[in-house]
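Colleague: See start.txt below, with compact mmCIF, C-alpha atoms.
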```txt
# COMPACT_ATOMS: atom_id res chain seq x y z
CA MET Z 1 8.03 27.94 12.37
CA SER Z 2 6.19 26.80 9.25
CA THR Z 3 2.80 28.36 8.50
CA TYR Z 4 1.64 24.91 7.39
CA TYR Z 5 2.80 23.47 10.70
CA GLU Z 6 0.91 26.08 12.71
CA LYS Z 7 -2.27 25.78 10.64
CA PHE Z 8 -2.21 21.99 10.71
CA ASN Z 9 -1.90 21.80 14.47
CA GLN Z 10 -4.39 24.58 15.12
CA ASP Z 11 -7.16 23.44 12.78
CA GLY Z 12 -6.34 19.74 12.38
CA PHE Z 13 -5.97 20.06 8.61
CA ILE Z 14 -4.47 22.17 5.84
CA VAL Z 15 -5.61 22.90 2.30
CA ILE Z 16 -2.99 23.81 -0.29
CA LYS Z 17 -4.61 25.30 -3.36
CA ASN Z 18 -3.40 24.37 -6.85
CA PHE Z 19 -0.83 21.92 -5.46
CA VAL Z 20 -0.83 19.81 -8.64
CA ASN Z 21 -1.22 21.63 -11.92
CA SER Z 22 -0.13 19.83 -15.08
CA LYS Z 23 -1.54 18.46 -18.33
CA ASN Z 24 -0.48 14.99 -17.20
CA PHE Z 25 -2.55 15.29 -14.02
CA ASP Z 26 -5.52 16.58 -16.02
CA SER Z 27 -5.29 13.50 -18.25
CA ILE Z 28 -5.06 11.17 -15.24
CA CYS Z 29 -8.12 12.77 -13.65
CA ALA Z 30 -10.18 12.52 -16.83
CA SER Z 31 -9.34 8.84 -17.22
CA LEU Z 32 -10.06 8.09 -13.56
CA THR Z 33 -13.44 9.80 -13.67
CA SER Z 34 -14.37 7.95 -16.86
CA GLU Z 35 -13.34 4.55 -15.51
CA ILE Z 36 -15.23 5.03 -12.23
CA GLU Z 37 -18.36 5.89 -14.22
CA THR Z 38 -17.89 2.82 -16.41
CA LYS Z 39 -17.46 0.63 -13.33
CA CYS Z 40 -20.61 2.04 -11.74
CA ASN Z 41 -22.61 1.36 -14.89
CA LYS Z 42 -21.65 -2.32 -14.75
CA ILE Z 43 -22.96 -3.00 -11.25
CA ASP Z 44 -26.19 -2.46 -9.31
CA LEU Z 45 -25.19 0.31 -6.91
CA SER Z 46 -28.38 -0.15 -4.90
CA LYS Z 47 -27.00 -3.47 -3.65
CA VAL Z 48 -23.76 -1.94 -2.38
CA GLY Z 49 -23.69 -1.05 1.32
CA GLY Z 50 -23.69 2.71 1.73
CA SER Z 51 -25.84 3.42 -1.32
CA ILE Z 52 -28.84 4.49 0.79
CA MET Z 53 -26.77 7.15 2.54
CA GLY Z 54 -25.05 7.90 -0.76
CA ASN Z 55 -21.38 7.31 0.06
CA LEU Z 56 -19.43 4.36 -1.35
CA ASN Z 57 -15.85 3.24 -0.80
CA VAL Z 58 -13.73 3.04 -3.96
CA TYR Z 59 -10.34 1.46 -4.54
CA PRO Z 60 -8.78 3.47 -7.40
CA GLY Z 61 -6.82 0.61 -9.00
CA LYS Z 62 -3.82 1.63 -11.12
CA TYR Z 63 -4.49 5.29 -10.35
CA SER Z 64 -3.47 4.74 -6.72
CA GLN Z 65 0.25 4.68 -7.53
CA VAL Z 66 0.06 7.10 -10.46
CA ILE Z 67 -1.58 9.87 -8.44
CA LEU Z 68 0.68 9.32 -5.43
CA GLU Z 69 3.72 9.73 -7.69
CA GLU Z 70 2.25 12.99 -9.02
CA LEU Z 71 1.91 14.24 -5.42
CA LYS Z 72 5.48 13.29 -4.61
CA ASN Z 73 6.76 14.91 -7.80
CA HIS Z 74 5.04 18.14 -6.82
CA GLY Z 75 6.62 18.25 -3.35
CA LEU Z 76 4.38 16.22 -1.03
CA ASN Z 77 7.33 15.00 1.01
CA ASN Z 78 8.48 18.59 1.57
CA ILE Z 79 5.08 19.45 3.02
CA LEU Z 80 5.10 16.38 5.26
CA GLN Z 81 8.57 17.30 6.53
CA GLU Z 82 7.26 20.74 7.46
CA ILE Z 83 4.20 19.62 9.38
CA ILE Z 84 5.22 16.26 10.91
CA LYS Z 85 8.99 15.95 10.25
CA LYS Z 86 8.48 12.76 8.21
CA ASN Z 87 7.98 11.77 4.58
CA SER Z 88 6.02 9.11 2.69
CA ASN Z 89 8.73 6.48 3.15
CA ASP Z 90 8.17 6.57 6.90
CA PHE Z 91 4.62 5.20 6.58
CA THR Z 92 2.60 2.23 5.45
CA ILE Z 93 0.13 3.66 2.93
CA ARG Z 94 -3.33 2.46 2.07
CA VAL Z 95 -5.58 4.09 -0.49
CA GLY Z 96 -9.31 4.39 -0.98
CA GLY Z 97 -11.77 7.07 -1.81
CA ASN Z 98 -15.26 8.38 -1.27
CA LEU Z 99 -17.81 8.28 -4.08
CA SER Z 100 -20.74 10.55 -3.32
CA LEU Z 101 -23.94 9.66 -5.16
CA PRO Z 102 -26.43 12.34 -6.24
CA ASN Z 103 -29.47 13.25 -4.15
CA LYS Z 104 -28.89 11.10 -1.08
CA HIS Z 105 -28.14 12.25 2.49
CA ASN Z 106 -25.70 13.95 4.82
CA GLN Z 107 -23.42 11.56 6.63
CA LEU Z 108 -23.32 11.60 10.41
CA PHE Z 109 -20.31 13.40 11.83
CA HIS Z 110 -17.54 10.95 12.68
CA THR Z 111 -13.79 10.49 13.02
CA ASP Z 112 -11.64 7.90 11.26
CA GLY Z 113 -10.36 5.37 13.80
CA ASN Z 114 -9.87 5.88 17.51
CA PHE Z 115 -8.47 9.11 18.93
CA ASN Z 116 -5.01 7.78 19.83
CA GLN Z 117 -4.42 5.96 16.56
CA GLU Z 118 -1.52 7.30 14.50
CA MET Z 119 -2.93 8.01 11.07
CA LEU Z 120 -2.78 10.83 8.54
CA MET Z 121 -5.27 11.43 5.72
CA ILE Z 122 -4.09 12.90 2.42
CA SER Z 123 -6.41 13.76 -0.47
CA VAL Z 124 -6.06 15.57 -3.77
CA ALA Z 125 -9.08 16.75 -5.72
CA THR Z 126 -9.34 15.02 -9.09
CA CYS Z 127 -12.43 17.06 -9.96
CA GLU Z 128 -14.05 20.26 -8.77
CA ILE Z 129 -15.79 19.84 -5.42
CA ASN Z 130 -18.25 22.66 -4.87
CA LYS Z 131 -21.10 23.41 -2.49
CA GLU Z 132 -23.53 21.48 -4.72
CA ASN Z 133 -21.80 18.11 -5.22
CA GLY Z 134 -21.26 16.88 -1.68
CA PRO Z 135 -18.20 18.56 -0.17
CA THR Z 136 -16.67 17.17 3.02
CA GLU Z 137 -17.55 19.27 6.06
CA LEU Z 138 -14.92 19.50 8.81
CA VAL Z 139 -15.20 20.78 12.36
CA VAL Z 140 -12.20 23.06 12.74
CA GLY Z 141 -10.02 22.28 15.76
CA SER Z 142 -12.03 19.21 16.79
CA HIS Z 143 -8.90 17.02 16.85
CA LYS Z 144 -7.57 18.49 20.09
CA ASN Z 145 -9.63 16.60 22.65
CA GLU Z 146 -11.22 13.17 22.72
CA ILE Z 147 -14.93 13.43 23.43
CA PRO Z 148 -17.86 10.99 23.11
CA TYR Z 149 -20.37 11.47 20.33
CA TRP Z 150 -23.15 12.74 22.59
CA LYS Z 151 -20.93 15.55 23.88
CA PHE Z 152 -19.86 16.38 20.35
CA LEU Z 153 -23.53 16.80 19.35
CA PHE Z 154 -24.07 19.54 21.94
CA LYS Z 155 -20.70 21.21 21.46
CA LYS Z 156 -20.46 24.54 19.62
CA LYS Z 157 -18.93 23.82 16.21
CA ASN Z 158 -16.83 25.83 13.78
CA LYS Z 159 -17.77 23.99 10.58
CA LYS Z 160 -16.02 24.39 7.25
CA LYS Z 161 -16.92 22.80 3.91
CA LEU Z 162 -13.95 21.86 1.74
CA LEU Z 163 -14.59 23.51 -1.61
CA LEU Z 164 -11.81 22.30 -3.87
CA SER Z 165 -10.55 22.82 -7.39
CA LYS Z 166 -8.80 20.06 -9.27
CA GLY Z 167 -5.27 19.72 -7.93
CA ASP Z 168 -5.97 21.12 -4.45
CA LEU Z 169 -4.30 19.11 -1.67
CA VAL Z 170 -5.86 18.34 1.73
CA ILE Z 171 -3.91 16.88 4.64
CA ARG Z 172 -5.83 16.23 7.85
CA LYS Z 173 -5.55 14.44 11.13
CA HIS Z 174 -7.73 11.35 11.33
CA CYS Z 175 -9.39 12.50 14.54
CA VAL Z 176 -10.94 15.64 13.06
CA TRP Z 177 -14.74 15.29 13.16
CA HIS Z 178 -16.16 15.41 9.64
CA ARG Z 179 -18.95 14.22 7.35
CA GLY Z 180 -19.87 14.00 3.72
CA THR Z 181 -22.70 16.36 2.76
CA ILE Z 182 -25.57 15.93 0.31
CA ASN Z 183 -24.59 15.78 -3.34
CA LYS Z 184 -27.26 18.00 -4.91
CA SER Z 185 -25.79 17.77 -8.40
CA LYS Z 186 -26.68 15.22 -11.09
CA ASP Z 187 -23.18 13.71 -11.14
CA LYS Z 188 -21.21 11.39 -8.87
CA ARG Z 189 -18.35 13.03 -6.97
CA PHE Z 190 -15.13 11.17 -6.11
CA LEU Z 191 -12.37 12.12 -3.67
CA ILE Z 192 -9.29 9.92 -3.35
CA VAL Z 193 -7.70 9.48 0.07
CA TYR Z 194 -4.34 8.08 1.15
CA LEU Z 195 -4.17 6.76 4.70
CA TYR Z 196 -0.69 7.05 6.21
CA PHE Z 197 -0.11 4.60 9.08
CA ASP Z 198 2.85 4.21 11.41
CA LYS Z 199 4.99 1.40 9.94
CA LYS Z 200 5.08 -0.28 13.34
CA LYS Z 201 1.39 -1.18 12.97
CA ASP Z 202 0.42 -4.55 11.51
CA ILE Z 203 -1.11 -2.98 8.41
CA LYS Z 204 -0.33 -3.83 4.79
CA ASN Z 205 0.24 -1.39 1.96
CA ASN Z 206 -2.45 -1.77 -0.74
CA ILE Z 207 -1.22 0.76 -3.31
CA GLU Z 208 -0.35 -1.93 -5.86
CA GLU Z 209 -3.00 -4.45 -4.83
CA SER Z 210 -4.79 -4.36 -8.19
CA ASN Z 211 -4.96 -2.41 -11.44
CA ASP Z 212 -8.75 -2.60 -11.35
CA ILE Z 213 -11.08 -0.06 -9.82
CA LYS Z 214 -13.25 -1.67 -7.14
CA ILE Z 215 -16.36 -0.43 -5.36
CA TYR Z 216 -16.91 -1.66 -1.80
CA ASN Z 217 -19.49 -1.40 0.96
```
Produce structure tokens that represent the structure in this file.
Modeller:
Amino acid sequence: MSTYYEKFNQDGFIVIKNFVNSKNFDSICASLTSEIETKCNKIDLSKVGGSIMGNLNVYPGKYSQVILEELKNHGLNNILQEIIKKNSNDFTIRVGGNLSLPNKHNQLFHTDGNFNQEMLMISVATCEINKENGPTELVVGSHKNEIPYWKFLFKKKNKKKLLLSKGDLVIRKHCVWHRGTINKSKDKRFLIVYLYFDKKKDIKNNIEESNDIKIYN
């Protein structure tokens, strides 16, 4: 049985270090980071919902498809076959990302969607994510049982911060409890995320929705 399969089902997520490593990916990441910064400079971030907590939702524009193709070219579908016996073509895919602003707050722990929803979260680090710039904190194994928030608060937790280098891949179940932590650095930190939904759901693919980067509430 696959080590990835065992780890994914035991912890609720896997991290594959150095999954994408190429000059092309480096160039993509540099351009993405620059364009997000340019976009932020053109708007008043204080008027965007989420700015007080310090986490904004970003649509990555043309980079949505470009980065997904890089993941596929480096064997993403092989990994998906190992852990869930499916590949990207079996899903409706939506893309977004978390932009963590400097010197704000920890998020509250939460899950993405309801417990029984069929959804997979796939991210690749387009920059270094260290203990200073707001890494995501996961509760290992918290995907196994559905519990209300108040019980989660009192439950003993095995917490792990995702410290990532550029090109590291993260695949997690949507029902893993997690939060964004405080970005103590002077720079914004972005993490792209692809949401893989069962094609039977009435959900539309947004990968090619626009070439423009957009910042949402």
Colleague: Just to confirm, what's the straight-line distance from CA of Glu82 in chain Z to CA of Asn116 in chain Z in Å (one decimal)?
Modeller: 21.7 Å
Colleague: Compile the contact shell of Ile192 in chain Z as a list in words: residues with an atom at most 7 Å away, counting all atoms listed in the file, same-chain residues fewer than 6 positions apart removed.
Modeller: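 So the residues in contact are Gly96, Gly97, Asn98, Ser123 and Val124 of chain Z.
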Colleague: Tell me, in Å to one decimal, how far CA of Ser185 in chain Z is from CA of Leu71 in chain Z.
Modeller: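 Between CA of Ser185 in chain Z and CA of Leu71 in chain Z the gap works out to 28.1 Å.
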Colleague: For each of Z:Ser51, Z:Asn183, Z:Ser165, Z:Asn77, take the minimum atom-to-atom distance to Ile122 in chain Z, counting all atoms listed in the file, then give the residue where this is smallest.
Modeller: Z:Asn77
Colleague: Suppose you want the space between CA of Asp112 in chain Z and CA of Ile203 in chain Z; what is it in Å?
Modeller: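 Interatomic distance, CA of Asp112 in chain Z to CA of Ile203 in chain Z: 15.4 Å.
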Colleague: Using all atoms listed in the file, determine which residues lie at most 12 Å from range 18-27 of chain Z, disregarding the query and same-chain residues fewer than 2 positions distant; provide the list as a PyMOL selection string.
Modeller: chain Z and resi 14-16+29-34+63+66-76+79+123-128+164-171
Colleague: Find the residues near Asn114 in chain Z: any atom within 12 Å, counting all atoms listed in the file, skip ones fewer than 5 places away on the same chain, and give them as a list in words.
Modeller: Met119, His143, Asn145, Glu146, Ile147, Pro148, Lys173, His174, Cys175, Val176 and Trp177 of chain Z
Colleague: Would you place a box with edges along x, y and z of the file around all atoms of range 129-136 of chain Z listed there, add 4 Å to each of its six sides, and report the centre and edge lengths in Å to one decimal, as JSON?
Modeller:
```
{"center_x": -19.7, "center_y": 20.1, "center_z": -1.2, "size_x": 15.7, "size_y": 14.5, "size_z": 16.4}
```
Colleague: Kindly write range 107-215 of chain Z with C-alpha atoms to a file, as a PDB file, in the first residue's frame.
Modeller:
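As written to disk, result.pdb reads:
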```pdb
ATOM      1  CA  GLN Z 107      -7.580  32.873  12.351  1.00  0.00           C
ATOM      2  CA  LEU Z 108     -10.042  30.792  14.327  1.00  0.00           C
ATOM      3  CA  PHE Z 109      -9.710  27.068  13.710  1.00  0.00           C
ATOM      4  CA  HIS Z 110     -12.201  25.895  11.091  1.00  0.00           C
ATOM      5  CA  THR Z 111     -12.879  23.344   8.377  1.00  0.00           C
ATOM      6  CA  ASP Z 112     -13.741  24.058   4.743  1.00  0.00           C
ATOM      7  CA  GLY Z 113     -17.351  23.068   4.070  1.00  0.00           C
ATOM      8  CA  ASN Z 114     -19.426  20.524   5.926  1.00  0.00           C
ATOM      9  CA  PHE Z 115     -17.977  17.216   7.103  1.00  0.00           C
ATOM     10  CA  ASN Z 116     -19.669  14.995   4.514  1.00  0.00           C
ATOM     11  CA  GLN Z 117     -18.904  17.208   1.530  1.00  0.00           C
ATOM     12  CA  GLU Z 118     -16.625  15.619  -1.073  1.00  0.00           C
ATOM     13  CA  MET Z 119     -13.795  18.067  -1.585  1.00  0.00           C
ATOM     14  CA  LEU Z 120     -10.011  17.912  -1.804  1.00  0.00           C
ATOM     15  CA  MET Z 121      -7.628  20.835  -1.264  1.00  0.00           C
ATOM     16  CA  ILE Z 122      -4.383  21.032  -3.236  1.00  0.00           C
ATOM     17  CA  SER Z 123      -1.758  23.743  -2.735  1.00  0.00           C
ATOM     18  CA  VAL Z 124       1.761  24.362  -3.962  1.00  0.00           C
ATOM     19  CA  ALA Z 125       4.031  26.905  -2.307  1.00  0.00           C
ATOM     20  CA  THR Z 126       4.949  29.717  -4.689  1.00  0.00           C
ATOM     21  CA  CYS Z 127       7.157  31.314  -2.034  1.00  0.00           C
ATOM     22  CA  GLU Z 128       8.831  30.241   1.184  1.00  0.00           C
ATOM     23  CA  ILE Z 129       6.355  29.879   4.044  1.00  0.00           C
ATOM     24  CA  ASN Z 130       8.188  29.915   7.355  1.00  0.00           C
ATOM     25  CA  LYS Z 131       7.273  30.267  11.012  1.00  0.00           C
ATOM     26  CA  GLU Z 132       7.359  34.073  10.712  1.00  0.00           C
ATOM     27  CA  ASN Z 133       5.101  34.791   7.714  1.00  0.00           C
ATOM     28  CA  GLY Z 134       1.835  33.150   8.685  1.00  0.00           C
ATOM     29  CA  PRO Z 135       2.002  29.407   8.032  1.00  0.00           C
ATOM     30  CA  THR Z 136      -1.184  27.343   8.031  1.00  0.00           C
ATOM     31  CA  GLU Z 137      -1.584  25.321  11.215  1.00  0.00           C
ATOM     32  CA  LEU Z 138      -3.301  21.938  10.896  1.00  0.00           C
ATOM     33  CA  VAL Z 139      -4.668  19.626  13.568  1.00  0.00           C
ATOM     34  CA  VAL Z 140      -3.299  16.224  12.616  1.00  0.00           C
ATOM     35  CA  GLY Z 141      -5.939  13.500  12.323  1.00  0.00           C
ATOM     36  CA  SER Z 142      -8.866  15.858  12.972  1.00  0.00           C
ATOM     37  CA  HIS Z 143     -10.645  14.726   9.781  1.00  0.00           C
ATOM     38  CA  LYS Z 144     -11.709  11.375  11.211  1.00  0.00           C
ATOM     39  CA  ASN Z 145     -14.759  12.379  13.236  1.00  0.00           C
ATOM     40  CA  GLU Z 146     -17.331  15.124  12.904  1.00  0.00           C
ATOM     41  CA  ILE Z 147     -17.492  17.197  16.077  1.00  0.00           C
ATOM     42  CA  PRO Z 148     -19.027  20.592  16.937  1.00  0.00           C
ATOM     43  CA  TYR Z 149     -16.760  23.567  17.460  1.00  0.00           C
ATOM     44  CA  TRP Z 150     -17.209  23.679  21.236  1.00  0.00           C
ATOM     45  CA  LYS Z 151     -16.015  20.082  21.570  1.00  0.00           C
ATOM     46  CA  PHE Z 152     -13.092  20.799  19.270  1.00  0.00           C
ATOM     47  CA  LEU Z 153     -12.008  23.663  21.562  1.00  0.00           C
ATOM     48  CA  PHE Z 154     -11.639  21.328  24.547  1.00  0.00           C
ATOM     49  CA  LYS Z 155     -10.169  18.424  22.591  1.00  0.00           C
ATOM     50  CA  LYS Z 156      -6.465  17.596  22.905  1.00  0.00           C
ATOM     51  CA  LYS Z 157      -4.802  18.685  19.661  1.00  0.00           C
ATOM     52  CA  ASN Z 158      -1.753  17.528  17.732  1.00  0.00           C
ATOM     53  CA  LYS Z 159      -0.999  20.767  15.876  1.00  0.00           C
ATOM     54  CA  LYS Z 160       1.436  21.120  13.003  1.00  0.00           C
ATOM     55  CA  LYS Z 161       2.471  24.288  11.169  1.00  0.00           C
ATOM     56  CA  LEU Z 162       3.100  23.830   7.452  1.00  0.00           C
ATOM     57  CA  LEU Z 163       6.569  25.235   6.842  1.00  0.00           C
ATOM     58  CA  LEU Z 164       7.062  25.098   3.097  1.00  0.00           C
ATOM     59  CA  SER Z 165       9.732  25.832   0.529  1.00  0.00           C
ATOM     60  CA  LYS Z 166       8.845  26.961  -2.960  1.00  0.00           C
ATOM     61  CA  GLY Z 167       7.599  23.972  -4.933  1.00  0.00           C
ATOM     62  CA  ASP Z 168       6.378  21.929  -1.942  1.00  0.00           C
ATOM     63  CA  LEU Z 169       2.985  20.293  -2.533  1.00  0.00           C
ATOM     64  CA  VAL Z 170       0.216  19.963   0.068  1.00  0.00           C
ATOM     65  CA  ILE Z 171      -2.860  17.789  -0.417  1.00  0.00           C
ATOM     66  CA  ARG Z 172      -5.408  17.741   2.399  1.00  0.00           C
ATOM     67  CA  LYS Z 173      -8.919  16.692   3.166  1.00  0.00           C
ATOM     68  CA  HIS Z 174     -11.308  19.619   3.480  1.00  0.00           C
ATOM     69  CA  CYS Z 175     -12.503  18.507   6.912  1.00  0.00           C
ATOM     70  CA  VAL Z 176      -9.117  18.823   8.612  1.00  0.00           C
ATOM     71  CA  TRP Z 177      -9.335  21.573  11.246  1.00  0.00           C
ATOM     72  CA  HIS Z 178      -6.883  24.358  10.439  1.00  0.00           C
ATOM     73  CA  ARG Z 179      -6.189  28.085  10.692  1.00  0.00           C
ATOM     74  CA  GLY Z 180      -3.932  30.753   9.307  1.00  0.00           C
ATOM     75  CA  THR Z 181      -1.440  32.056  11.876  1.00  0.00           C
ATOM     76  CA  ILE Z 182      -0.059  35.554  12.434  1.00  0.00           C
ATOM     77  CA  ASN Z 183       2.196  36.880   9.708  1.00  0.00           C
ATOM     78  CA  LYS Z 184       4.988  38.463  11.763  1.00  0.00           C
ATOM     79  CA  SER Z 185       7.065  39.400   8.734  1.00  0.00           C
ATOM     80  CA  LYS Z 186       6.948  42.684   6.811  1.00  0.00           C
ATOM     81  CA  ASP Z 187       5.734  41.029   3.596  1.00  0.00           C
ATOM     82  CA  LYS Z 188       2.435  39.602   2.375  1.00  0.00           C
ATOM     83  CA  ARG Z 189       2.328  35.818   2.059  1.00  0.00           C
ATOM     84  CA  PHE Z 190       0.268  34.041  -0.624  1.00  0.00           C
ATOM     85  CA  LEU Z 191      -0.711  30.371  -0.879  1.00  0.00           C
ATOM     86  CA  ILE Z 192      -2.659  29.147  -3.898  1.00  0.00           C
ATOM     87  CA  VAL Z 193      -5.297  26.458  -3.396  1.00  0.00           C
ATOM     88  CA  TYR Z 194      -7.163  24.248  -5.861  1.00  0.00           C
ATOM     89  CA  LEU Z 195     -10.502  22.898  -4.663  1.00  0.00           C
ATOM     90  CA  TYR Z 196     -11.381  19.543  -6.225  1.00  0.00           C
ATOM     91  CA  PHE Z 197     -15.126  18.829  -6.185  1.00  0.00           C
ATOM     92  CA  ASP Z 198     -17.048  15.741  -7.240  1.00  0.00           C
ATOM     93  CA  LYS Z 199     -18.255  16.410 -10.808  1.00  0.00           C
ATOM     94  CA  LYS Z 200     -21.764  15.381  -9.785  1.00  0.00           C
ATOM     95  CA  LYS Z 201     -22.089  18.574  -7.724  1.00  0.00           C
ATOM     96  CA  ASP Z 202     -23.629  21.672  -9.296  1.00  0.00           C
ATOM     97  CA  ILE Z 203     -20.360  23.596  -9.161  1.00  0.00           C
ATOM     98  CA  LYS Z 204     -18.638  25.382 -12.035  1.00  0.00           C
ATOM     99  CA  ASN Z 205     -14.949  25.285 -12.894  1.00  0.00           C
ATOM    100  CA  ASN Z 206     -13.386  28.766 -12.569  1.00  0.00           C
ATOM    101  CA  ILE Z 207      -9.825  28.020 -13.723  1.00  0.00           C
ATOM    102  CA  GLU Z 208     -10.194  30.086 -16.897  1.00  0.00           C
ATOM    103  CA  GLU Z 209     -12.681  32.619 -15.547  1.00  0.00           C
ATOM    104  CA  SER Z 210     -10.348  35.583 -16.025  1.00  0.00           C
ATOM    105  CA  ASN Z 211      -6.740  36.472 -16.784  1.00  0.00           C
ATOM    106  CA  ASP Z 212      -6.826  39.140 -14.087  1.00  0.00           C
ATOM    107  CA  ILE Z 213      -5.848  38.698 -10.476  1.00  0.00           C
ATOM    108  CA  LYS Z 214      -8.766  39.580  -8.180  1.00  0.00           C
ATOM    109  CA  ILE Z 215      -8.907  40.180  -4.442  1.00  0.00           C
TER     110      ILE Z 215
END
```
